[in-house]
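One file, run_2.txt, is given below (compact mmCIF, C-alpha atoms).
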```txt
# COMPACT_ATOMS: atom_id res chain seq x y z
CA MET A 15 159.99 -14.30 5.90
CA SER A 16 157.00 -13.77 8.13
CA SER A 17 154.12 -11.82 6.79
CA LEU A 18 153.20 -8.31 7.83
CA LYS A 19 150.28 -9.55 9.87
CA ASP A 20 152.42 -12.04 11.82
CA LEU A 21 154.90 -9.32 12.62
CA ARG A 22 152.19 -6.97 13.81
CA ASN A 23 150.82 -9.66 16.08
CA ARG A 24 154.21 -10.45 17.53
CA ILE A 25 154.94 -6.80 18.21
CA SER A 26 151.69 -6.30 20.05
CA SER A 27 152.17 -9.45 22.11
CA VAL A 28 155.70 -8.46 23.12
CA LYS A 29 154.39 -5.02 24.01
CA SER A 30 151.79 -6.41 26.36
CA THR A 31 154.39 -8.69 27.94
CA GLN A 32 156.56 -5.67 28.48
CA LYS A 33 153.71 -3.88 30.20
CA ILE A 34 153.30 -6.78 32.59
CA THR A 35 156.98 -7.09 33.41
CA SER A 36 157.35 -3.39 34.00
CA ALA A 37 154.34 -3.37 36.30
CA MET A 38 155.78 -6.34 38.19
CA LYS A 39 159.01 -4.45 38.53
CA MET A 40 157.25 -1.50 40.12
CA VAL A 41 155.37 -3.73 42.50
CA ALA A 42 158.54 -5.56 43.47
CA ALA A 43 160.30 -2.26 44.06
CA SER A 44 157.68 -1.03 46.47
CA LYS A 45 157.48 -4.39 48.22
CA LEU A 46 161.24 -4.37 48.48
CA ARG A 47 161.17 -1.03 50.22
CA ARG A 48 158.65 -2.35 52.72
CA ALA A 49 160.64 -5.52 53.30
CA GLN A 50 163.78 -3.50 53.87
CA GLU A 51 162.05 -1.28 56.39
CA GLN A 52 160.83 -4.31 58.23
CA ALA A 53 164.29 -5.84 58.26
CA GLU A 54 165.62 -2.57 59.59
CA ALA A 55 163.02 -2.49 62.37
CA GLY A 56 163.82 -6.04 63.43
CA ARG A 57 167.51 -5.42 63.78
CA PRO A 58 167.61 -3.82 67.28
CA TYR A 59 166.04 -6.86 68.90
CA ALA A 60 168.45 -9.27 67.25
CA GLU A 61 171.39 -7.09 68.19
CA ARG A 62 170.38 -6.87 71.82
CA MET A 63 169.66 -10.54 71.96
CA GLU A 64 173.12 -11.21 70.67
CA ARG A 65 174.65 -8.85 73.20
CA MET A 66 172.81 -10.57 76.00
CA LEU A 67 173.89 -13.99 74.80
CA ALA A 68 177.45 -12.76 74.56
CA SER A 69 177.43 -11.51 78.14
CA LEU A 70 175.89 -14.78 79.23
CA ALA A 71 178.48 -16.76 77.34
CA ARG A 72 181.19 -14.79 79.06
CA ASN A 73 179.79 -15.42 82.51
CA VAL A 74 178.48 -18.92 82.25
CA ASN A 75 181.02 -21.65 82.38
CA THR A 76 179.81 -24.14 79.86
CA GLY A 77 181.08 -27.19 81.57
CA GLY A 78 179.59 -29.46 78.95
CA GLN A 79 176.23 -29.93 80.68
CA GLY A 80 174.44 -26.87 79.35
CA PRO A 81 171.09 -27.20 77.65
CA LYS A 82 170.91 -29.57 74.71
CA LEU A 83 170.30 -26.72 72.30
CA MET A 84 173.75 -25.39 73.01
CA THR A 85 175.83 -28.49 73.47
CA GLY A 86 174.17 -30.59 70.79
CA THR A 87 173.05 -34.17 71.11
CA GLY A 88 176.57 -35.49 71.17
CA LYS A 89 176.46 -36.82 67.62
CA ASP A 90 175.94 -35.39 64.19
CA ASP A 91 174.33 -38.20 62.24
CA VAL A 92 171.14 -36.55 61.12
CA HIS A 93 171.26 -33.16 59.47
CA LEU A 94 168.20 -31.04 58.92
CA LEU A 95 168.30 -28.39 56.24
CA LEU A 96 165.84 -25.53 56.54
CA VAL A 97 165.34 -24.38 52.96
CA MET A 98 164.01 -20.86 52.51
CA THR A 99 162.60 -20.09 49.10
CA SER A 100 159.71 -18.05 47.75
CA ASP A 101 156.15 -19.08 46.99
CA ARG A 102 156.11 -17.40 43.61
CA GLY A 103 158.37 -17.60 40.64
CA LEU A 104 159.54 -14.99 38.16
CA CYS A 105 162.33 -13.83 40.38
CA GLY A 106 165.44 -14.74 38.44
CA GLY A 107 167.93 -17.06 40.06
CA PHE A 108 166.52 -16.56 43.53
CA ASN A 109 165.13 -20.05 44.05
CA GLY A 110 167.54 -21.77 41.70
CA SER A 111 170.59 -20.71 43.63
CA ILE A 112 169.09 -21.91 46.90
CA THR A 113 168.12 -25.32 45.57
CA ARG A 114 171.51 -25.69 43.91
CA GLU A 115 173.26 -25.05 47.22
CA VAL A 116 170.91 -27.44 48.98
CA ARG A 117 171.58 -30.19 46.43
CA ARG A 118 175.30 -29.67 46.81
CA ARG A 119 175.02 -29.92 50.60
CA ILE A 120 172.87 -33.01 50.47
CA ARG A 121 175.39 -34.72 48.22
CA ALA A 122 178.31 -33.68 50.42
CA LEU A 123 176.57 -34.85 53.59
CA ARG A 124 175.59 -38.15 52.02
CA GLU A 125 179.14 -38.79 50.99
CA GLU A 126 180.10 -38.39 54.62
CA GLY A 127 177.49 -41.00 55.43
CA LYS A 128 175.07 -38.65 57.19
CA GLU A 129 171.33 -38.76 57.01
CA VAL A 130 169.71 -35.64 55.64
CA LYS A 131 166.21 -34.30 56.23
CA LEU A 132 164.61 -31.28 54.67
CA PHE A 133 162.25 -28.62 55.97
CA CYS A 134 160.93 -26.49 53.12
CA VAL A 135 159.73 -22.96 53.59
CA GLY A 136 158.19 -21.73 50.36
CA ARG A 137 156.47 -23.58 47.56
CA LYS A 138 159.17 -23.15 44.93
CA GLY A 139 161.87 -24.90 46.91
CA TYR A 140 159.52 -27.75 47.67
CA ASP A 141 158.55 -28.12 44.00
CA ALA A 142 162.16 -28.19 42.93
CA LEU A 143 163.28 -30.70 45.54
CA LYS A 144 160.36 -33.04 45.91
CA ARG A 145 161.07 -35.12 42.81
CA GLU A 146 164.63 -35.92 43.74
CA PHE A 147 164.44 -35.87 47.52
CA GLY A 148 160.72 -36.27 48.23
CA PRO A 149 160.94 -38.81 51.04
CA MET A 150 163.46 -36.67 52.89
CA ILE A 151 161.13 -33.71 53.22
CA ILE A 152 159.68 -33.87 56.71
CA GLU A 153 157.76 -30.63 56.78
CA THR A 154 156.72 -27.82 54.51
CA VAL A 155 155.43 -24.36 55.21
CA PHE A 156 153.83 -22.30 52.47
CA ASP A 157 152.64 -18.74 52.26
CA VAL A 158 154.78 -17.47 55.08
CA GLY A 159 154.53 -13.76 55.57
CA ARG A 160 151.43 -13.23 53.53
CA PRO A 161 150.17 -10.56 53.66
CA ARG A 162 152.79 -9.49 56.17
CA LEU A 163 155.64 -11.29 57.84
CA THR A 164 155.22 -11.39 61.59
CA PHE A 165 157.31 -12.77 64.37
CA ALA A 166 154.62 -15.37 64.98
CA ASP A 167 155.51 -16.96 61.61
CA ALA A 168 159.09 -17.43 62.71
CA ASP A 169 157.95 -18.61 66.12
CA GLY A 170 155.82 -21.30 64.56
CA ILE A 171 158.74 -22.69 62.59
CA ALA A 172 161.02 -22.48 65.61
CA GLU A 173 158.50 -24.34 67.74
CA SER A 174 158.23 -27.15 65.24
CA LEU A 175 162.02 -27.37 65.04
CA LEU A 176 162.34 -27.48 68.81
CA ARG A 177 159.75 -30.20 69.12
CA ARG A 178 161.51 -32.31 66.52
CA TYR A 179 164.82 -31.67 68.18
CA GLU A 180 163.48 -32.73 71.57
CA GLU A 181 162.19 -35.92 69.97
CA GLY A 182 165.63 -36.55 68.57
CA GLU A 183 164.67 -36.33 64.92
CA PHE A 184 167.85 -34.49 64.02
CA ASP A 185 171.18 -33.53 65.50
CA VAL A 186 172.25 -30.52 63.49
CA CYS A 187 170.09 -27.92 61.83
CA THR A 188 171.27 -25.50 59.19
CA VAL A 189 169.20 -22.85 57.49
CA VAL A 190 169.93 -21.97 53.87
CA TYR A 191 168.60 -18.59 52.81
CA ASN A 192 169.36 -15.67 50.55
CA HIS A 193 171.15 -12.91 52.36
CA PHE A 194 170.13 -9.52 51.08
CA LYS A 195 173.20 -7.60 50.04
CA SER A 196 171.59 -5.25 47.56
CA ALA A 197 168.77 -5.28 45.05
CA ILE A 198 171.08 -6.89 42.51
CA ALA A 199 173.12 -9.13 44.76
CA GLN A 200 171.74 -11.84 47.00
CA ILE A 201 174.13 -14.19 48.66
CA VAL A 202 173.15 -17.75 49.47
CA THR A 203 174.00 -18.12 53.12
CA PRO A 204 174.08 -21.29 55.18
CA GLN A 205 173.81 -20.71 58.92
CA GLN A 206 173.89 -23.30 61.62
CA LEU A 207 170.97 -22.95 64.00
CA VAL A 208 171.25 -26.03 66.18
CA PRO A 209 173.35 -26.52 68.18
CA VAL A 210 173.65 -22.83 68.79
CA ALA A 211 177.04 -21.37 68.21
CA LEU A 212 177.39 -18.80 70.95
CA PRO A 213 178.74 -15.55 69.59
CA GLU A 214 182.47 -15.30 70.07
CA VAL A 215 183.22 -12.24 72.09
CA ASP A 216 185.96 -10.06 70.86
CA GLU A 217 187.09 -8.40 74.07
CA GLY A 218 188.51 -5.32 72.40
CA GLU A 219 185.41 -4.73 70.39
CA ALA A 220 183.06 -5.30 73.29
CA GLU A 221 184.95 -2.74 75.29
CA ALA A 222 184.88 -0.14 72.57
CA ASP A 223 181.23 -0.85 72.07
CA THR A 224 179.77 -0.49 75.49
CA GLY A 225 182.57 0.70 77.70
CA PRO A 226 184.28 -1.16 80.51
CA ALA A 227 180.95 -1.70 82.23
CA SER A 228 180.13 -4.54 79.87
CA ARG A 229 182.91 -6.60 81.35
CA ALA A 230 181.45 -6.32 84.81
CA VAL A 231 180.14 -9.49 86.35
CA TYR A 232 176.42 -9.78 85.92
CA ASP A 233 173.94 -10.92 88.49
CA PHE A 234 171.52 -13.46 87.16
CA GLU A 235 167.94 -13.85 88.12
CA PRO A 236 166.87 -16.65 88.43
CA ASP A 237 170.20 -18.30 87.50
CA GLU A 238 172.42 -18.63 84.45
CA GLU A 239 171.21 -22.06 83.44
CA ARG A 240 167.54 -21.17 83.61
CA ILE A 241 168.00 -17.92 81.74
CA ILE A 242 170.02 -19.54 79.02
CA ALA A 243 167.47 -22.33 78.79
CA GLU A 244 164.82 -19.72 78.07
CA LEU A 245 166.95 -17.50 75.96
CA LEU A 246 168.13 -20.15 73.52
CA PRO A 247 164.74 -21.17 72.07
CA ARG A 248 163.93 -17.50 71.82
CA ASN A 249 167.16 -16.91 70.01
CA LEU A 250 166.33 -19.67 67.56
CA ALA A 251 163.08 -17.92 66.68
CA VAL A 252 164.90 -14.64 66.31
CA GLN A 253 167.46 -16.16 63.95
CA ILE A 254 164.70 -17.70 61.86
CA TYR A 255 162.84 -14.42 61.82
CA LYS A 256 165.99 -12.68 60.64
CA ALA A 257 166.48 -15.24 57.88
CA LEU A 258 162.84 -14.89 56.81
CA LEU A 259 163.16 -11.13 56.61
CA GLU A 260 166.37 -11.36 54.62
CA SER A 261 164.82 -13.91 52.33
CA ALA A 262 161.73 -11.76 51.77
CA ALA A 263 163.80 -8.71 50.92
CA SER A 264 166.04 -10.78 48.64
CA GLU A 265 163.06 -12.21 46.82
CA GLN A 266 161.71 -8.79 45.99
CA GLY A 267 165.17 -7.56 45.04
CA ALA A 268 165.71 -10.53 42.75
CA ARG A 269 162.29 -10.12 41.20
CA MET A 270 162.87 -6.44 40.63
CA THR A 271 166.15 -7.11 38.83
CA ALA A 272 164.72 -9.96 36.83
CA MET A 273 161.73 -7.91 35.74
CA ASP A 274 163.93 -4.96 34.90
CA ASN A 275 165.96 -7.20 32.61
CA ALA A 276 162.84 -8.66 31.09
CA THR A 277 161.45 -5.20 30.41
CA ARG A 278 164.68 -4.17 28.75
CA ASN A 279 164.81 -7.33 26.63
CA ALA A 280 161.23 -6.83 25.56
CA GLY A 281 162.12 -3.28 24.51
CA GLU A 282 165.01 -4.56 22.39
CA MET A 283 162.80 -7.16 20.84
CA ILE A 284 160.17 -4.59 19.97
CA ASP A 285 162.83 -2.45 18.27
CA ASP A 286 164.09 -5.41 16.24
CA LEU A 287 160.62 -6.47 15.26
CA THR A 288 159.62 -2.94 14.32
CA LEU A 289 162.67 -2.64 12.09
CA GLN A 290 161.88 -5.96 10.46
CA TYR A 291 158.26 -4.92 10.06
CA ASN A 292 159.17 -1.68 8.31
CA ARG A 293 161.64 -3.44 6.02
CA THR A 294 159.07 -6.01 5.09
CA ARG A 295 156.48 -3.37 4.48
CA GLN A 296 158.87 -1.47 2.23
CA ALA A 297 159.71 -4.66 0.34
CA VAL A 298 156.04 -5.36 -0.18
CA VAL A 299 155.42 -1.82 -1.50
CA THR A 300 158.44 -2.04 -3.81
CA SER A 301 157.48 -5.40 -5.24
CA GLU A 302 153.93 -4.18 -5.81
CA LEU A 303 155.26 -1.15 -7.66
CA ILE A 304 157.52 -3.31 -9.79
CA GLU A 305 154.59 -5.50 -10.63
CA ILE A 306 152.48 -2.54 -11.71
CA ILE A 307 155.27 -0.94 -13.73
CA SER A 308 156.27 -4.11 -15.49
CA GLY A 309 152.61 -4.80 -16.15
CA ALA A 310 152.22 -1.36 -17.75
CA GLU A 311 155.41 -1.83 -19.79
CA ALA A 312 154.18 -5.12 -21.19
CA LEU A 313 151.19 -3.44 -22.76
CA MET B 6 169.65 14.21 89.54
CA ALA B 7 171.46 14.56 86.28
CA GLU B 8 171.96 10.86 85.87
CA LYS B 9 169.44 8.92 83.89
CA VAL B 10 168.94 5.37 82.75
CA ALA B 11 168.83 4.75 79.03
CA PHE B 12 165.74 2.58 78.85
CA GLU B 13 164.92 0.56 75.78
CA LEU B 14 161.93 -1.65 75.13
CA VAL B 15 162.38 -3.85 72.10
CA SER B 16 160.03 -6.34 70.49
CA PRO B 17 161.17 -8.69 67.74
CA GLU B 18 159.38 -6.57 65.18
CA LYS B 19 160.61 -3.16 66.21
CA LEU B 20 162.13 -0.85 68.78
CA LEU B 21 159.14 0.25 70.80
CA LEU B 22 160.50 2.73 73.23
CA SER B 23 163.85 4.34 73.78
CA LYS B 24 164.24 7.15 76.25
CA GLU B 25 166.23 8.53 79.13
CA VAL B 26 164.38 7.90 82.36
CA ASP B 27 164.82 8.20 86.10
CA LEU B 28 163.39 4.89 87.15
CA VAL B 29 162.01 1.77 85.56
CA VAL B 30 160.16 -0.92 87.46
CA VAL B 31 160.43 -4.29 85.76
CA PRO B 32 158.45 -7.40 86.72
CA GLY B 33 161.36 -9.81 87.09
CA ALA B 34 160.91 -13.55 87.34
CA GLU B 35 161.67 -13.40 91.04
CA GLY B 36 159.84 -10.21 91.90
CA ASN B 37 159.64 -6.68 90.65
CA PHE B 38 162.79 -4.67 90.61
CA GLY B 39 163.38 -0.98 90.14
CA VAL B 40 166.26 0.20 88.01
CA LEU B 41 167.91 3.48 88.97
CA PRO B 42 171.11 4.86 87.51
CA ARG B 43 174.21 2.91 88.61
CA HIS B 44 172.27 -0.26 89.12
CA ALA B 45 174.42 -3.35 89.46
CA PRO B 46 174.69 -5.21 86.15
CA MET B 47 172.28 -8.06 85.87
CA ILE B 48 170.30 -10.22 83.49
CA SER B 49 166.88 -11.44 84.39
CA THR B 50 163.95 -13.16 82.83
CA VAL B 51 160.74 -11.17 82.94
CA ARG B 52 157.39 -12.62 83.90
CA PRO B 53 154.16 -11.34 82.35
CA GLY B 54 153.34 -8.05 84.01
CA VAL B 55 153.53 -4.30 83.81
CA ILE B 56 156.62 -2.23 83.26
CA GLU B 57 156.41 1.18 84.84
CA VAL B 58 158.52 3.92 83.39
CA TYR B 59 159.18 7.02 85.47
CA GLU B 60 160.56 9.73 83.27
CA THR B 61 160.62 12.09 86.19
CA ARG B 62 160.39 11.32 89.87
CA GLY B 63 157.08 10.27 91.31
CA GLN B 64 155.06 10.15 88.13
CA ALA B 65 154.77 7.02 86.02
CA SER B 66 154.86 8.27 82.44
CA ASP B 67 154.30 4.92 80.73
CA ARG B 68 152.72 1.73 81.94
CA ILE B 69 153.29 -1.09 79.51
CA PHE B 70 152.09 -4.63 79.77
CA ILE B 71 154.54 -7.24 78.51
CA ALA B 72 153.94 -10.94 78.12
CA GLY B 73 157.37 -12.02 79.27
CA GLY B 74 160.87 -11.59 77.96
CA PHE B 75 164.31 -10.70 79.20
CA ALA B 76 165.90 -7.69 80.82
CA GLU B 77 169.51 -6.64 80.79
CA VAL B 78 170.63 -4.01 83.23
CA THR B 79 173.97 -2.21 83.32
CA PRO B 80 174.89 0.88 85.36
CA ASP B 81 173.78 3.21 82.61
CA ARG B 82 171.15 1.34 80.66
CA CYS B 83 168.26 -1.01 80.93
CA THR B 84 167.14 -3.07 77.95
CA VAL B 85 163.99 -5.13 77.94
CA LEU B 86 163.44 -7.68 75.19
CA ALA B 87 159.69 -8.21 75.20
CA GLU B 88 157.69 -10.93 73.53
CA GLU B 89 154.51 -8.96 73.33
CA ALA B 90 154.09 -5.41 74.54
CA LEU B 91 150.98 -3.31 74.88
CA SER B 92 150.25 -0.07 76.62
CA VAL B 93 148.06 -0.78 79.66
CA GLY B 94 145.39 1.59 78.41
CA ASP B 95 145.05 -0.41 75.18
CA ILE B 96 144.22 -3.74 76.74
CA ASP B 97 140.95 -5.15 75.49
CA VAL B 98 139.40 -6.59 78.64
CA ALA B 99 136.61 -8.52 76.94
CA GLU B 100 139.03 -10.17 74.54
CA THR B 101 141.38 -11.05 77.36
CA GLU B 102 138.53 -12.63 79.34
CA GLN B 103 137.61 -14.69 76.30
CA ARG B 104 141.21 -15.77 75.90
CA ILE B 105 141.43 -16.81 79.53
CA ARG B 106 138.35 -18.98 79.08
CA ASP B 107 139.76 -20.55 75.91
CA LEU B 108 143.09 -21.22 77.49
CA THR B 109 141.56 -22.72 80.61
CA GLU B 110 139.86 -25.22 78.33
CA ASP B 111 143.11 -25.82 76.49
CA VAL B 112 144.86 -26.62 79.74
CA ALA B 113 142.11 -29.06 80.66
CA ASP B 114 142.12 -30.68 77.22
CA ALA B 115 145.87 -30.84 76.74
CA LYS B 116 146.94 -34.33 75.79
CA THR B 117 150.67 -34.14 76.28
CA GLU B 118 152.76 -32.64 79.01
CA THR B 119 154.39 -30.10 76.70
CA GLU B 120 151.00 -28.98 75.39
CA ARG B 121 149.80 -28.47 78.93
CA THR B 122 152.79 -26.45 80.06
CA SER B 123 152.67 -24.15 77.05
CA ALA B 124 148.92 -23.58 77.46
CA ALA B 125 149.36 -22.98 81.16
CA LYS B 126 152.07 -20.46 80.43
CA ALA B 127 149.86 -18.60 77.97
CA LEU B 128 147.02 -18.69 80.51
CA GLU B 129 149.22 -17.14 83.14
CA ALA B 130 150.17 -14.36 80.73
CA ALA B 131 146.52 -13.70 79.90
CA LYS B 132 145.63 -13.57 83.59
CA ALA B 133 148.43 -11.11 84.25
CA LYS B 134 147.06 -9.04 81.39
CA ARG B 135 143.61 -8.95 82.97
CA GLU B 136 145.08 -7.97 86.28
CA ALA B 137 147.11 -5.21 84.66
CA ALA B 138 143.99 -3.82 83.04
CA ALA B 139 142.03 -4.02 86.28
CA ARG B 140 144.62 -2.04 88.20
CA ALA B 141 145.01 0.66 85.62
```

Let's see the structure in the file written out as structure tokens.
Amino acid sequence: MSSLKDLRNRISSVKSTQKITSAMKMVAASKLRRAQEQAEAGRPYAERMERMLASLARNVNTGGQGPKLMTGTGKDDVHLLLVMTSDRGLCGGFNGSITREVRRRIRALREEGKEVKLFCVGRKGYDALKREFGPMIIETVFDVGRPRLTFADADGIAESLLRRYEEGEFDVCTVVYNHFKSAIAQIVTPQQLVPVALPEVDEGEAEADTGPASRAVYDFEPDEERIIAELLPRNLAVQIYKALLESAASEQGARMTAMDNATRNAGEMIDDLTLQYNRTRQAVVTSELIEIISGAEAL
Amino acid sequence: MAEKVAFELVSPEKLLLSKEVDLVVVPGAEGNFGVLPRHAPMISTVRPGVIEVYETRGQASDRIFIAGGFAEVTPDRCTVLAEEALSVGDIDVAETEQRIRDLTEDVADAKTETERTSAAKALEAAKAKREAAARA
């Protein structure tokens, strides 16, 4: 049985841990709100971009000689995985679930005889993967979106991807990120970025959405090929931006939940320790009394 | 003139402007074009320049510089996806001049073809920005 002093020390140390975790929870909650607002604000652009791509897809006949970004390189030997994790820990299973999915994918792709390369966004993912797959990591980006995530961050990543793609370093690119469903639920989502999968147009839905006008034939200025050639790299950046926003919101959500749990566990632990402390104290008092009484009786 | 065009200006970070207007003049890649209600549907790339928004006839209510992007026009709406947007009045002329100088050097120093084209593109945008400020 630990002594009274040990117990007192443990209680005070758990208490200060609890203070830290509850403060972190508050911070994560307010950051989460900001991240969500930002994700909300970025949505209109992505939606319109998608709508424009859809109308283009409907009007352009993709006779197989579209831009490389759309049609692919004609093979799928080298896969690039864009791994989105956080720079900081203490956010529950946020990074673990991403790296687990990435490991699974790497194994599956290797079994098919493909070559895999990795592009790490966020320090945690890099740390987790570098020991096992170090030589496969071709680029890393840390501290994205600090202090604030801007479109330029996404643009930088997109540019690097495009350059590598042009140089033929990879054939297929997939991003793996945490999709923000709610503060408690983040879903690991793989999304193929290159070659671009043009949005399938559901005719019925498109009609209900924008009226019959959307089916009208568009004029293109300059021409379809040139527009699509400009739109696709842009779209890549937008998709990456979207993934970064989702990932940022998920990180804060995961951290908030993790810290909430930690705070609760610390509370339970304090209760247990306090109970044990009181019992011990009582036992000490009782045994002292017995000693005194039996001492007096012996006289 | 009851009919209006639903004009939207969107940047990747947020929806900048959304209003019902009479006329929008957009700097298309192949020349400026005005969008009135019942415009034929079209999609165009946008070169760096100034978008003029006419909420009511004859009076430009907003003049916004954009550094390129895309425009989608349908009979009842006009959506511009901008890369960078700035009200003409907010352009910092001195900073733009500095940027033009920097970029001119970049173009001269560029080692690869891709570097040169991207610097040249940025230079063009900066020049258009200066011009927009000068005309305001």

Of the listed residues A:Leu143, A:Val299, A:Ala43, A:Leu246, that which approaches A:Ile112 most closely, counting all atoms listed in the file: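 Under the stated criterion, the closest residue is A:Leu143.
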
Which residues, written as a PDB file with C-alpha atoms, in the frame of the given file, have at least one atom at most 9 Å from stretch 14-21 of chain B, with all atoms listed in the file counted and residues fewer than 4 positions away on the same chain left out?
```pdb
ATOM      1  CA  GLN A  52     160.830  -4.310  58.230  1.00  0.00           C
ATOM      2  CA  ALA A  53     164.290  -5.840  58.260  1.00  0.00           C
ATOM      3  CA  GLU A  54     165.620  -2.570  59.590  1.00  0.00           C
ATOM      4  CA  ALA A  55     163.020  -2.490  62.370  1.00  0.00           C
ATOM      5  CA  GLY A  56     163.820  -6.040  63.430  1.00  0.00           C
ATOM      6  CA  ARG A  57     167.510  -5.420  63.780  1.00  0.00           C
ATOM      7  CA  PRO A  58     167.610  -3.820  67.280  1.00  0.00           C
ATOM      8  CA  TYR A  59     166.040  -6.860  68.900  1.00  0.00           C
ATOM      9  CA  ALA A  60     168.450  -9.270  67.250  1.00  0.00           C
ATOM     10  CA  ARG A  62     170.380  -6.870  71.820  1.00  0.00           C
ATOM     11  CA  THR A 164     155.220 -11.390  61.590  1.00  0.00           C
ATOM     12  CA  PHE A 165     157.310 -12.770  64.370  1.00  0.00           C
ATOM     13  CA  VAL A 252     164.900 -14.640  66.310  1.00  0.00           C
ATOM     14  CA  TYR A 255     162.840 -14.420  61.820  1.00  0.00           C
TER      15      TYR A 255
ATOM     16  CA  CYS B  83     168.260  -1.010  80.930  1.00  0.00           C
ATOM     17  CA  THR B  84     167.140  -3.070  77.950  1.00  0.00           C
ATOM     18  CA  VAL B  85     163.990  -5.130  77.940  1.00  0.00           C
ATOM     19  CA  LEU B  86     163.440  -7.680  75.190  1.00  0.00           C
ATOM     20  CA  ALA B  87     159.690  -8.210  75.200  1.00  0.00           C
ATOM     21  CA  GLU B  88     157.690 -10.930  73.530  1.00  0.00           C
ATOM     22  CA  GLU B  89     154.510  -8.960  73.330  1.00  0.00           C
ATOM     23  CA  ALA B  90     154.090  -5.410  74.540  1.00  0.00           C
TER      24      ALA B  90
END
```

Who sits within 10 Å of B:Thr61, only C-alpha atoms, same chain under 3 positions skipped, as number ranges by chain: B: 6, 9, 25-28, 58, 64-66

Just to be explicit: take each residue in the selection above, keep C-alpha atoms, and write the result as an mmCIF file, in the coordinates of the input.
```cif
data_model
loop_
_atom_site.group_PDB
_atom_site.id
_atom_site.type_symbol
_atom_site.label_atom_id
_atom_site.label_comp_id
_atom_site.auth_asym_id
_atom_site.auth_seq_id
_atom_site.Cartn_x
_atom_site.Cartn_y
_atom_site.Cartn_z
ATOM 1 C CA MET B 6 169.650 14.210 89.540
ATOM 2 C CA LYS B 9 169.440 8.920 83.890
ATOM 3 C CA GLU B 25 166.230 8.530 79.130
ATOM 4 C CA VAL B 26 164.380 7.900 82.360
ATOM 5 C CA ASP B 27 164.820 8.200 86.100
ATOM 6 C CA LEU B 28 163.390 4.890 87.150
ATOM 7 C CA VAL B 58 158.520 3.920 83.390
ATOM 8 C CA GLN B 64 155.060 10.150 88.130
ATOM 9 C CA ALA B 65 154.770 7.020 86.020
ATOM 10 C CA SER B 66 154.860 8.270 82.440
#
```

I need every residue sitting at most 12 Å from the point (170.9, -21.7, 42.2) (coordinates as in the file, all atoms listed in the file considered), written as a PDB file with C-alpha atoms, in the frame of the given file.
```
ATOM      1  CA  THR A  99     162.600 -20.090  49.100  1.00  0.00           C
ATOM      2  CA  CYS A 105     162.330 -13.830  40.380  1.00  0.00           C
ATOM      3  CA  GLY A 106     165.440 -14.740  38.440  1.00  0.00           C
ATOM      4  CA  GLY A 107     167.930 -17.060  40.060  1.00  0.00           C
ATOM      5  CA  PHE A 108     166.520 -16.560  43.530  1.00  0.00           C
ATOM      6  CA  ASN A 109     165.130 -20.050  44.050  1.00  0.00           C
ATOM      7  CA  GLY A 110     167.540 -21.770  41.700  1.00  0.00           C
ATOM      8  CA  SER A 111     170.590 -20.710  43.630  1.00  0.00           C
ATOM      9  CA  ILE A 112     169.090 -21.910  46.900  1.00  0.00           C
ATOM     10  CA  THR A 113     168.120 -25.320  45.570  1.00  0.00           C
ATOM     11  CA  ARG A 114     171.510 -25.690  43.910  1.00  0.00           C
ATOM     12  CA  GLU A 115     173.260 -25.050  47.220  1.00  0.00           C
ATOM     13  CA  VAL A 116     170.910 -27.440  48.980  1.00  0.00           C
ATOM     14  CA  ARG A 117     171.580 -30.190  46.430  1.00  0.00           C
ATOM     15  CA  ARG A 118     175.300 -29.670  46.810  1.00  0.00           C
ATOM     16  CA  GLY A 139     161.870 -24.900  46.910  1.00  0.00           C
ATOM     17  CA  ALA A 142     162.160 -28.190  42.930  1.00  0.00           C
ATOM     18  CA  VAL A 190     169.930 -21.970  53.870  1.00  0.00           C
ATOM     19  CA  TYR A 191     168.600 -18.590  52.810  1.00  0.00           C
ATOM     20  CA  ASN A 192     169.360 -15.670  50.550  1.00  0.00           C
ATOM     21  CA  GLN A 200     171.740 -11.840  47.000  1.00  0.00           C
ATOM     22  CA  ILE A 201     174.130 -14.190  48.660  1.00  0.00           C
ATOM     23  CA  VAL A 202     173.150 -17.750  49.470  1.00  0.00           C
ATOM     24  CA  THR A 203     174.000 -18.120  53.120  1.00  0.00           C
TER      25      THR A 203
END
```

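As for atom CA of B:Val55 and atom CA of B:Thr101, they are spaced 15.3 Å apart.
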
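If you measure from each of B:Pro80, B:Val10, B:Leu41, B:Lys24 to chain A using all atoms listed in the file, the closest one turns out to be B:Pro80.
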
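Taking atom CA of A:Glu239 and atom CA of A:Tyr179 as the two end points, the separation is 19.1 Å.
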
Of the listed residues A:Ser261, A:Ser196, A:Asn249, A:Gln32, that which approaches chain B most closely, counting all atoms listed in the file: A:Asn249

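For the atom pair formed by atom CA of A:Ala280 and atom CA of A:Ile34, the distance is 10.6 Å, given to one decimal.
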
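With only C-alpha atoms as the atoms that count, the minimum distance from A:Asp169 to the choices A:Gly148, A:His93, A:Ala251, A:Gly88 is reached by A:Ala251.
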
B:Ala125, B:Val40, B:Val29, B:Arg82 ranked by distance to B:Ala113, top pick (using all atoms listed in the file): B:Ala125

Given all atoms listed in the file as the counted atoms, nearest of B:Ala138, B:Val30, B:Ala131, B:Ala45 to chain A: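 Among B:Ala138, B:Val30, B:Ala131, B:Ala45, it is B:Ala45 that comes nearest to chain A.
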